[in-house]
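Asker: Shown below is the structure under consideration.
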Amino acid sequence: MATLLLVADSESHRIPFQPGPSLRDILDTTDFRVRSGCRGIGACGLCRIRILAGEPGAPSAAEQALVHPEQLAEGVRLACQVRPRDDIRIEIINPASPSQWKNPPDGLFRPARARLTEDMKPAPADISHPTGLAVDLGTTHLCFSLCDLATGNVLANRWGRNPQQDFGADVVTRLAAASQSPVAAGEMKNLLLAAIGEALLDIAAREGVDQRHVARVTLVGNTGMLTLLGGRNSALLLQPAQWTRPIECAPLDSAAWLGRWDIHPHAEVTVVEPLAGFIGSDLLAGLVAIDFVSGTAPALFIDFGTNSETALWDGETLWVTASAGGPAFETGGSGAGTTAEAGAIIHVRCGTEADPYEFDILGDDHAKGLCGTGLVDLVACLRRQGRLSATGNFPDGASDYRFAAGGRHFTLTKRDVDQLQRAKAAVAAGVRALCRNAGVAVNKLQRVCVAGAFGRHLDVGNAQAIGLLPPVAPGIVELCGNTALAGCGEILLSRSAESAAAQLRTSARVINLAHQAEFEEIFLTNLYLRPMEQD
């Protein structure tokens with residue numbers, strides 16, 4: 001691991017990176033992007049930085065053509081052409097305008113596979129260089145992949161905050177607001193449509209592609225997000241009787257979206273239908289992306305989030321359910337929490353008495369707070385150090401725990417710990433319910449797949465120590481990243497992927513946790529911060 005020392009805004013920021021990507025790509029995952037307009041191929045000459053220390057390598061042919069020799073001698077380079085191997089110190093000469101749409105950190109997004117060339121959906125013949133947009137509508141984040149419809153290659157990725165959060169951190173709060181006010185429902189729909197357009201514009205401007213050549217858009221998401229986008233049937237999700245039934249989410253006015261996004265006037269828009277209730281098409285897409293039902297069995301799949309979706313494949317039947325994760329997995333609670341973006345504490349390691357913890361901060365060394373995985377690590381450390389009981393209480397009746405990280409002080413509250421306990425207990429109850437219905441012992445699982453931004457950074461040992469993951473051999477746990485977007489990209493490109501998602505939708509068996517006789521008992525048992533109990 002090397003370090004990029006960035007001088008910006010009269011401050012220095014230490015950004016760790018693995019050698020390989022260009023400076024442009026490294027910066028694009030942070031809040032310090034450099035201007036660009038050519039997809040990083042060295043054609044526009046906009047991404048100018050100055051090397052202050054370190055070895056950037058010899059100037060490329062593009063740099064020699066676009067940067068004056070005197071400037072090259074002064075350390076001026078193109079960020080897209082410099083691929084540092086060791087520590088380097090720079091400043092940005094030509095910063096990009098602030099944008100909430102970022103490139104994802106390395107490894108967060110799984111690349112969509114185009115499957116076999118002969119299996120790809122035909123690209124429109126009347127559009128030069130046709131592209132398609134895959135969209136994953138998450139409760140906290142929106143994620144995008146722009147793909148070449150002729151080759152299947154991913155041209156660009158983006159992710160950013162879901163603007164609907166102003167109406168509530170969890171999807172149920174938003175659904176309630178929509179059911180009570182048609183104005184609120186309309187505003188939430190418009191916020192999503194505008195955000196998709198803004199993200200696409202950011203891709204077009206920075207990557208040098210023409211958004212009017214976008215000929216296909218495919219969207220997946222949890223059921224609540226899809227109903228809010230489509231403007232129909234969101235109230236059904238507030239009725240428990242509907243939780244095991246299909247919910248129609250297809251919009252009635254998607255043709256009007258084309259103009260708002262400024263894409264091809266005859267572009268095809270597909271909203272992949274969810275499975276049932278709170279089990280969305282993001283789960284289906286994720287299962288497609290990792291060939292879940294074609295692999296080892298019994299296998300467990302968990303996509304952690306405010307709405308955590310879980311699937312179990314026993315070799316013959318796909319069992320699925322959903323549980324309310326609340327904000328803990330997405331924001332790390334309220335007191336010390338932040339989303340998994342630049343400045344988020346993603347890992348905490350136990351240290352010494354004098355220096356209790358070591359922290360890994362995403363994309364910067366100036367901490368903004370704990371994201372979900374950082375919260376899991378810190379709680380596991382506190383348990384090992386005796387600073388937190390199995391019931392989630394601090395010693396001597398204290399109401400919080402204070403710590404310093406990345407130049408700031410934070411307070412972990414009892415409420416933050418309680419939110420994590422409730423979230424993990426709900427997921428554990430879902431896992432146990434699926435295993436019992438399938439006749440599978442939890443400790444006999446042969447494969448455990450953890451999806452989503454939360455799963456990408458999860459420390460398996462810490463997660464198992466507090467009961468968030470089943471007590472299986474850590475080597476069989478796969479941290480899969482954003483499988484929903486990868487699967488959406490495959491459905492965008494591939495006939496067989498689209499068919500596979502449709503088949504899963506019709507064959508899966510949905511378990512409603514509210515109808516499980518022992519749900520409350522299992523939930524209460526798993527509130528304790530200890531390894532998950534087995535049957």
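Following the order of the structure tokens, first chain is A, next is B, and so on, with residues numbered from 1 inside each chain and ligands from 1 in the order they appear.
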Residues of region 137-172 of chain A within 12 Å of region 117-128 of chain A: nearest atom pair and distance (Å, one decimal) for each, counting only C-alpha atoms, sorted by chain and number, as JSON lines?
Answerer:
{"residue": "A:Cys147", "atom": "CA", "partner": "A:Ala123", "partner_atom": "CA", "distance": 11.3}
{"residue": "A:Asp148", "atom": "CA", "partner": "A:Ala123", "partner_atom": "CA", "distance": 9.0}
{"residue": "A:Leu149", "atom": "CA", "partner": "A:Ala123", "partner_atom": "CA", "distance": 5.4}
{"residue": "A:Ala150", "atom": "CA", "partner": "A:Ala123", "partner_atom": "CA", "distance": 5.7}
{"residue": "A:Thr151", "atom": "CA", "partner": "A:Thr117", "partner_atom": "CA", "distance": 7.9}
{"residue": "A:Gly152", "atom": "CA", "partner": "A:Met120", "partner_atom": "CA", "distance": 8.0}
{"residue": "A:Asn153", "atom": "CA", "partner": "A:Thr117", "partner_atom": "CA", "distance": 11.4}
Asker: Taking a cut-off of 8 Å and counting only C-alpha atoms, can you build a table that, for each residue of region 120-189 of chain A near region 309-331 of chain A, reports the nearest atom pair and how far apart they are in Å (one decimal), sorted by chain then residue number, as JSON lines?
Answerer:
{"residue": "A:Thr140", "atom": "CA", "partner": "A:Glu330", "partner_atom": "CA", "distance": 6.9}
{"residue": "A:Ala169", "atom": "CA", "partner": "A:Pro327", "partner_atom": "CA", "distance": 6.5}
{"residue": "A:Asp170", "atom": "CA", "partner": "A:Gly326", "partner_atom": "CA", "distance": 6.3}
Asker: Mind checking which residues fall within 8 Å of region 511-523 of chain A, counting only C-alpha atoms, ignoring those fewer than 3 positions away in the same chain, and posting them as a JSON list (two decimals) with all heavy atoms, in the first residue's frame?
Answerer:
[["chain", "number", "residue", "atom", "x", "y", "z"],
["A", 243, "TRP", "N", -46.86, -8.78, 1.88],
["A", 243, "TRP", "CA", -45.41, -8.94, 1.93],
["A", 243, "TRP", "C", -44.90, -10.20, 1.24],
["A", 243, "TRP", "O", -43.71, -10.30, 0.95],
["A", 243, "TRP", "CB", -44.93, -8.92, 3.39],
["A", 243, "TRP", "CG", -45.05, -7.56, 4.00],
["A", 243, "TRP", "CD1", -45.37, -6.39, 3.37],
["A", 243, "TRP", "CD2", -44.88, -7.23, 5.38],
["A", 243, "TRP", "NE1", -45.40, -5.35, 4.25],
["A", 243, "TRP", "CE2", -45.11, -5.83, 5.51],
["A", 243, "TRP", "CE3", -44.57, -7.96, 6.52],
["A", 243, "TRP", "CZ2", -45.02, -5.17, 6.73],
["A", 243, "TRP", "CZ3", -44.47, -7.31, 7.74],
["A", 243, "TRP", "CH2", -44.70, -5.93, 7.84],
["A", 244, "THR", "N", -45.76, -11.17, 0.99],
["A", 244, "THR", "CA", -45.33, -12.37, 0.27],
["A", 244, "THR", "C", -45.90, -12.41, -1.15],
["A", 244, "THR", "O", -45.77, -13.41, -1.84],
["A", 244, "THR", "CB", -45.77, -13.64, 1.01],
["A", 244, "THR", "OG1", -47.19, -13.61, 1.20],
["A", 244, "THR", "CG2", -45.08, -13.74, 2.37],
["A", 319, "TRP", "N", -34.87, -20.25, -1.03],
["A", 319, "TRP", "CA", -35.69, -19.65, 0.02],
["A", 319, "TRP", "C", -35.23, -18.21, 0.21],
["A", 319, "TRP", "O", -34.03, -17.93, 0.27],
["A", 319, "TRP", "CB", -35.52, -20.41, 1.33],
["A", 319, "TRP", "CG", -35.77, -21.88, 1.24],
["A", 319, "TRP", "CD1", -34.93, -22.84, 0.78],
["A", 319, "TRP", "CD2", -36.98, -22.56, 1.62],
["A", 319, "TRP", "NE1", -35.52, -24.07, 0.84],
["A", 319, "TRP", "CE2", -36.77, -23.94, 1.36],
["A", 319, "TRP", "CE3", -38.20, -22.15, 2.16],
["A", 319, "TRP", "CZ2", -37.75, -24.90, 1.61],
["A", 319, "TRP", "CZ3", -39.17, -23.10, 2.42],
["A", 319, "TRP", "CH2", -38.96, -24.46, 2.15],
["A", 320, "VAL", "N", -36.17, -17.28, 0.34],
["A", 320, "VAL", "CA", -35.80, -15.86, 0.47],
["A", 320, "VAL", "C", -36.63, -15.18, 1.54],
["A", 320, "VAL", "O", -37.77, -15.58, 1.81],
["A", 320, "VAL", "CB", -35.97, -15.10, -0.87],
["A", 320, "VAL", "CG1", -35.05, -15.67, -1.93],
["A", 320, "VAL", "CG2", -37.42, -15.16, -1.35],
["A", 321, "THR", "N", -36.05, -14.15, 2.13],
["A", 321, "THR", "CA", -36.78, -13.34, 3.10],
["A", 321, "THR", "C", -36.13, -11.97, 3.18],
["A", 321, "THR", "O", -35.09, -11.72, 2.58],
["A", 321, "THR", "CB", -36.82, -14.01, 4.48],
["A", 321, "THR", "OG1", -37.78, -13.35, 5.31],
["A", 321, "THR", "CG2", -35.46, -13.94, 5.18],
["A", 322, "ALA", "N", -36.74, -11.08, 3.93],
["A", 322, "ALA", "CA", -36.21, -9.72, 4.15],
["A", 322, "ALA", "C", -36.44, -9.35, 5.60],
["A", 322, "ALA", "O", -37.42, -9.77, 6.23],
["A", 322, "ALA", "CB", -36.88, -8.72, 3.23],
["A", 323, "SER", "N", -35.50, -8.58, 6.15],
["A", 323, "SER", "CA", -35.64, -8.11, 7.52],
["A", 323, "SER", "C", -35.22, -6.66, 7.62],
["A", 323, "SER", "O", -34.43, -6.18, 6.81],
["A", 323, "SER", "CB", -34.78, -8.98, 8.47],
["A", 323, "SER", "OG", -33.46, -9.09, 8.00],
["A", 425, "ALA", "N", -29.75, -8.73, 15.01],
["A", 425, "ALA", "CA", -30.72, -9.72, 15.49],
["A", 425, "ALA", "C", -31.78, -10.01, 14.44],
["A", 425, "ALA", "O", -32.21, -11.15, 14.27],
["A", 425, "ALA", "CB", -31.37, -9.21, 16.78],
["A", 426, "ALA", "N", -32.22, -8.96, 13.72],
["A", 426, "ALA", "CA", -33.21, -9.16, 12.66],
["A", 426, "ALA", "C", -32.65, -10.02, 11.53],
["A", 426, "ALA", "O", -33.33, -10.92, 11.01],
["A", 426, "ALA", "CB", -33.66, -7.80, 12.12],
["A", 428, "ALA", "N", -30.12, -12.18, 11.81],
["A", 428, "ALA", "CA", -29.93, -13.53, 12.35],
["A", 428, "ALA", "C", -31.25, -14.30, 12.39],
["A", 428, "ALA", "O", -31.29, -15.50, 12.07],
["A", 428, "ALA", "CB", -29.32, -13.46, 13.74],
["A", 429, "ALA", "N", -32.32, -13.63, 12.75],
["A", 429, "ALA", "CA", -33.63, -14.28, 12.76],
["A", 429, "ALA", "C", -34.03, -14.71, 11.36],
["A", 429, "ALA", "O", -34.62, -15.78, 11.17],
["A", 429, "ALA", "CB", -34.68, -13.34, 13.36],
["A", 430, "GLY", "N", -33.69, -13.88, 10.36],
["A", 430, "GLY", "CA", -33.97, -14.25, 8.98],
["A", 430, "GLY", "C", -33.17, -15.45, 8.54],
["A", 430, "GLY", "O", -33.69, -16.37, 7.89],
["A", 432, "ARG", "N", -31.87, -17.81, 10.47],
["A", 432, "ARG", "CA", -32.36, -18.99, 11.18],
["A", 432, "ARG", "C", -33.69, -19.47, 10.60],
["A", 432, "ARG", "O", -33.93, -20.67, 10.48],
["A", 432, "ARG", "CB", -32.52, -18.67, 12.67],
["A", 432, "ARG", "CG", -31.21, -18.37, 13.39],
["A", 432, "ARG", "CD", -30.42, -19.62, 13.71],
["A", 432, "ARG", "NE", -31.16, -20.49, 14.62],
["A", 432, "ARG", "CZ", -31.20, -20.33, 15.94],
["A", 432, "ARG", "NH1", -30.53, -19.34, 16.50],
["A", 432, "ARG", "NH2", -31.87, -21.17, 16.70],
["A", 433, "ALA", "N", -34.57, -18.53, 10.22],
["A", 433, "ALA", "CA", -35.87, -18.92, 9.65],
["A", 433, "ALA", "C", -35.69, -19.65, 8.32],
["A", 433, "ALA", "O", -36.33, -20.67, 8.06],
["A", 433, "ALA", "CB", -36.74, -17.68, 9.47],
["A", 434, "LEU", "N", -34.79, -19.14, 7.47],
["A", 434, "LEU", "CA", -34.56, -19.80, 6.19],
["A", 434, "LEU", "C", -33.96, -21.19, 6.41],
["A", 434, "LEU", "O", -34.37, -22.16, 5.76],
["A", 434, "LEU", "CB", -33.61, -18.96, 5.34],
["A", 434, "LEU", "CG", -34.12, -17.60, 4.84],
["A", 434, "LEU", "CD1", -33.07, -16.94, 3.95],
["A", 434, "LEU", "CD2", -35.42, -17.76, 4.07],
["A", 526, "ASN", "N", -30.74, -13.20, 19.82],
["A", 526, "ASN", "CA", -29.63, -12.70, 19.01],
["A", 526, "ASN", "C", -29.35, -11.22, 19.22],
["A", 526, "ASN", "O", -28.49, -10.66, 18.54],
["A", 526, "ASN", "CB", -29.90, -12.99, 17.53],
["A", 526, "ASN", "CG", -29.62, -14.43, 17.17],
["A", 526, "ASN", "OD1", -28.48, -14.82, 16.97],
["A", 526, "ASN", "ND2", -30.68, -15.24, 17.12],
["A", 527, "LEU", "N", -30.04, -10.60, 20.16],
["A", 527, "LEU", "CA", -29.68, -9.23, 20.52],
["A", 527, "LEU", "C", -28.34, -9.17, 21.24],
["A", 527, "LEU", "O", -27.66, -8.15, 21.21],
["A", 527, "LEU", "CB", -30.77, -8.62, 21.42],
["A", 527, "LEU", "CG", -32.07, -8.16, 20.74],
["A", 527, "LEU", "CD1", -33.10, -7.76, 21.78],
["A", 527, "LEU", "CD2", -31.81, -7.00, 19.79]]
Asker: Within 7 Å of Cys488 (chain A), counting only C-alpha atoms, which residues show up once you throw out same-chain ones fewer than 3 positions away? Write them as a list in words, please.
Answerer: Ala134, Val135, Thr218, Leu219, Val220, Ala285, Ala484, Leu485, Ile491 and Leu492 of chain A
Asker: Using only C-alpha atoms, pick whichever of A:Ala497, A:Leu175, A:Val214, A:Ala276 has the shortest atom-to-atom distance to Ala241 (chain A).
Answerer: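 Using only C-alpha atoms, the shortest distance to Ala241 (chain A) belongs to A:Ala276.
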Asker: Which of region 115-359 of chain A end up as alpha helix (DSSP H) when DSSP is run on this backbone - answer as an MDAnalysis selection string?
Answerer: chainID A and resid 171:180 182:207 223:230 255:261 281:289 328:331
Asker: Could you save those same residues with C-alpha atoms as a PDB file, in the first residue's frame?
Answerer:
ATOM      1  CA  VAL A 171     -37.666   2.971   3.287  1.00  0.00           C
ATOM      2  CA  VAL A 172     -40.705   2.395   5.532  1.00  0.00           C
ATOM      3  CA  THR A 173     -40.607   6.010   6.726  1.00  0.00           C
ATOM      4  CA  ARG A 174     -40.584   7.160   3.095  1.00  0.00           C
ATOM      5  CA  LEU A 175     -43.426   4.815   2.168  1.00  0.00           C
ATOM      6  CA  ALA A 176     -45.499   6.181   5.050  1.00  0.00           C
ATOM      7  CA  ALA A 177     -44.790   9.755   3.933  1.00  0.00           C
ATOM      8  CA  ALA A 178     -45.808   8.887   0.358  1.00  0.00           C
ATOM      9  CA  SER A 179     -49.053   7.242   1.471  1.00  0.00           C
ATOM     10  CA  GLN A 180     -49.993  10.273   3.564  1.00  0.00           C
ATOM     11  CA  PRO A 182     -49.363  12.700  -2.823  1.00  0.00           C
ATOM     12  CA  VAL A 183     -47.165  15.813  -2.904  1.00  0.00           C
ATOM     13  CA  ALA A 184     -44.430  14.034  -0.926  1.00  0.00           C
ATOM     14  CA  ALA A 185     -44.770  10.964  -3.151  1.00  0.00           C
ATOM     15  CA  GLY A 186     -44.353  13.112  -6.251  1.00  0.00           C
ATOM     16  CA  GLU A 187     -41.375  14.922  -4.801  1.00  0.00           C
ATOM     17  CA  MET A 188     -39.604  11.679  -3.914  1.00  0.00           C
ATOM     18  CA  LYS A 189     -40.177  10.355  -7.422  1.00  0.00           C
ATOM     19  CA  ASN A 190     -38.839  13.553  -8.969  1.00  0.00           C
ATOM     20  CA  LEU A 191     -35.781  13.490  -6.712  1.00  0.00           C
ATOM     21  CA  LEU A 192     -34.891  10.040  -8.019  1.00  0.00           C
ATOM     22  CA  LEU A 193     -35.443  10.973 -11.660  1.00  0.00           C
ATOM     23  CA  ALA A 194     -33.350  14.118 -11.257  1.00  0.00           C
ATOM     24  CA  ALA A 195     -30.545  12.215  -9.510  1.00  0.00           C
ATOM     25  CA  ILE A 196     -30.346   9.676 -12.344  1.00  0.00           C
ATOM     26  CA  GLY A 197     -30.116  12.518 -14.833  1.00  0.00           C
ATOM     27  CA  GLU A 198     -27.412  14.280 -12.815  1.00  0.00           C
ATOM     28  CA  ALA A 199     -25.304  11.128 -12.505  1.00  0.00           C
ATOM     29  CA  LEU A 200     -25.607  10.480 -16.247  1.00  0.00           C
ATOM     30  CA  LEU A 201     -24.607  14.078 -16.995  1.00  0.00           C
ATOM     31  CA  ASP A 202     -21.563  13.708 -14.747  1.00  0.00           C
ATOM     32  CA  ILE A 203     -20.531  10.565 -16.645  1.00  0.00           C
ATOM     33  CA  ALA A 204     -21.044  12.246 -20.025  1.00  0.00           C
ATOM     34  CA  ALA A 205     -19.063  15.359 -19.078  1.00  0.00           C
ATOM     35  CA  ARG A 206     -16.118  13.577 -17.439  1.00  0.00           C
ATOM     36  CA  GLU A 207     -15.850  10.554 -19.685  1.00  0.00           C
ATOM     37  CA  THR A 223     -39.379  -2.969  -3.790  1.00  0.00           C
ATOM     38  CA  GLY A 224     -39.987   0.229  -1.856  1.00  0.00           C
ATOM     39  CA  MET A 225     -37.616   2.236  -4.016  1.00  0.00           C
ATOM     40  CA  LEU A 226     -39.145   0.824  -7.201  1.00  0.00           C
ATOM     41  CA  THR A 227     -42.697   1.709  -6.142  1.00  0.00           C
ATOM     42  CA  LEU A 228     -41.636   5.245  -5.227  1.00  0.00           C
ATOM     43  CA  LEU A 229     -39.920   5.648  -8.606  1.00  0.00           C
ATOM     44  CA  GLY A 230     -42.856   4.202 -10.518  1.00  0.00           C
ATOM     45  CA  ALA A 255     -41.416   7.502 -21.886  1.00  0.00           C
ATOM     46  CA  ALA A 256     -41.431  10.934 -20.230  1.00  0.00           C
ATOM     47  CA  TRP A 257     -38.193  10.080 -18.442  1.00  0.00           C
ATOM     48  CA  LEU A 258     -36.190  10.019 -21.684  1.00  0.00           C
ATOM     49  CA  GLY A 259     -36.423  13.761 -22.160  1.00  0.00           C
ATOM     50  CA  ARG A 260     -35.571  14.458 -18.536  1.00  0.00           C
ATOM     51  CA  TRP A 261     -32.399  12.400 -18.873  1.00  0.00           C
ATOM     52  CA  SER A 281     -35.110  -7.062  -7.916  1.00  0.00           C
ATOM     53  CA  ASP A 282     -31.763  -6.003  -6.422  1.00  0.00           C
ATOM     54  CA  LEU A 283     -31.699  -9.407  -4.697  1.00  0.00           C
ATOM     55  CA  LEU A 284     -32.582 -11.209  -7.931  1.00  0.00           C
ATOM     56  CA  ALA A 285     -29.883  -9.322  -9.837  1.00  0.00           C
ATOM     57  CA  GLY A 286     -27.330 -10.120  -7.135  1.00  0.00           C
ATOM     58  CA  LEU A 287     -28.091 -13.835  -7.287  1.00  0.00           C
ATOM     59  CA  VAL A 288     -27.712 -13.753 -11.066  1.00  0.00           C
ATOM     60  CA  ALA A 289     -24.362 -11.956 -10.839  1.00  0.00           C
ATOM     61  CA  ALA A 328     -26.890   0.726  11.411  1.00  0.00           C
ATOM     62  CA  PHE A 329     -25.483  -1.016   8.308  1.00  0.00           C
ATOM     63  CA  GLU A 330     -25.665   2.070   6.118  1.00  0.00           C
ATOM     64  CA  THR A 331     -24.705   4.944   8.400  1.00  0.00           C
TER      65      THR A 331
END
Asker: Mind the document's chain letters and residue numbers, and return as a ChimeraX atom specification the residues of region 318-462 of chain A that DSSP labels strand (DSSP E or B).
Answerer: /A:318-324,337,344-350,357-361,369-370,400-405,408-413,447-451
Asker: Please determine, counting only C-alpha atoms, which residue among A:Phe403, A:Ala441, A:Asp377, A:Leu236 has the shortest atom-to-atom distance to Asp459 (chain A).
Answerer: A:Asp377
Asker: My list of candidates is A:Cys480, A:Ala53, A:Ala2, A:Ala61. Which is closest to Arg456 (chain A) when distances are computed with only C-alpha atoms?
Answerer: A:Cys480
Asker: Would you mind telling me which residue in A:Val272, A:Leu362, A:Ile90, A:Leu420 lies nearest to Ala342 (chain A) when using only C-alpha atoms?
Answerer: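 The shortest atom-to-atom distance to Ala342 (chain A) comes from A:Leu362.
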Asker: Between CA of Val417 (chain A) and CA of Leu382 (chain A), what is the distance, to one decimal in Å?
Answerer: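 Separating CA of Val417 (chain A) from CA of Leu382 (chain A) is a distance of 10.9 Å.
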Asker: Please, what distance in Å, to one decimal, runs between CA of Ser60 (chain A) and CA of Cys44 (chain A)?
Answerer: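 One can read the CA of Ser60 (chain A) to CA of Cys44 (chain A) distance as 13.9 Å.
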Asker: Nearest to Ala380 (chain A): which of A:Leu529, A:Leu524, A:Ala79, A:Gly138 is it, counting only C-alpha atoms?
Answerer: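 Using only C-alpha atoms, Ala380 (chain A) sits closest to A:Leu529.
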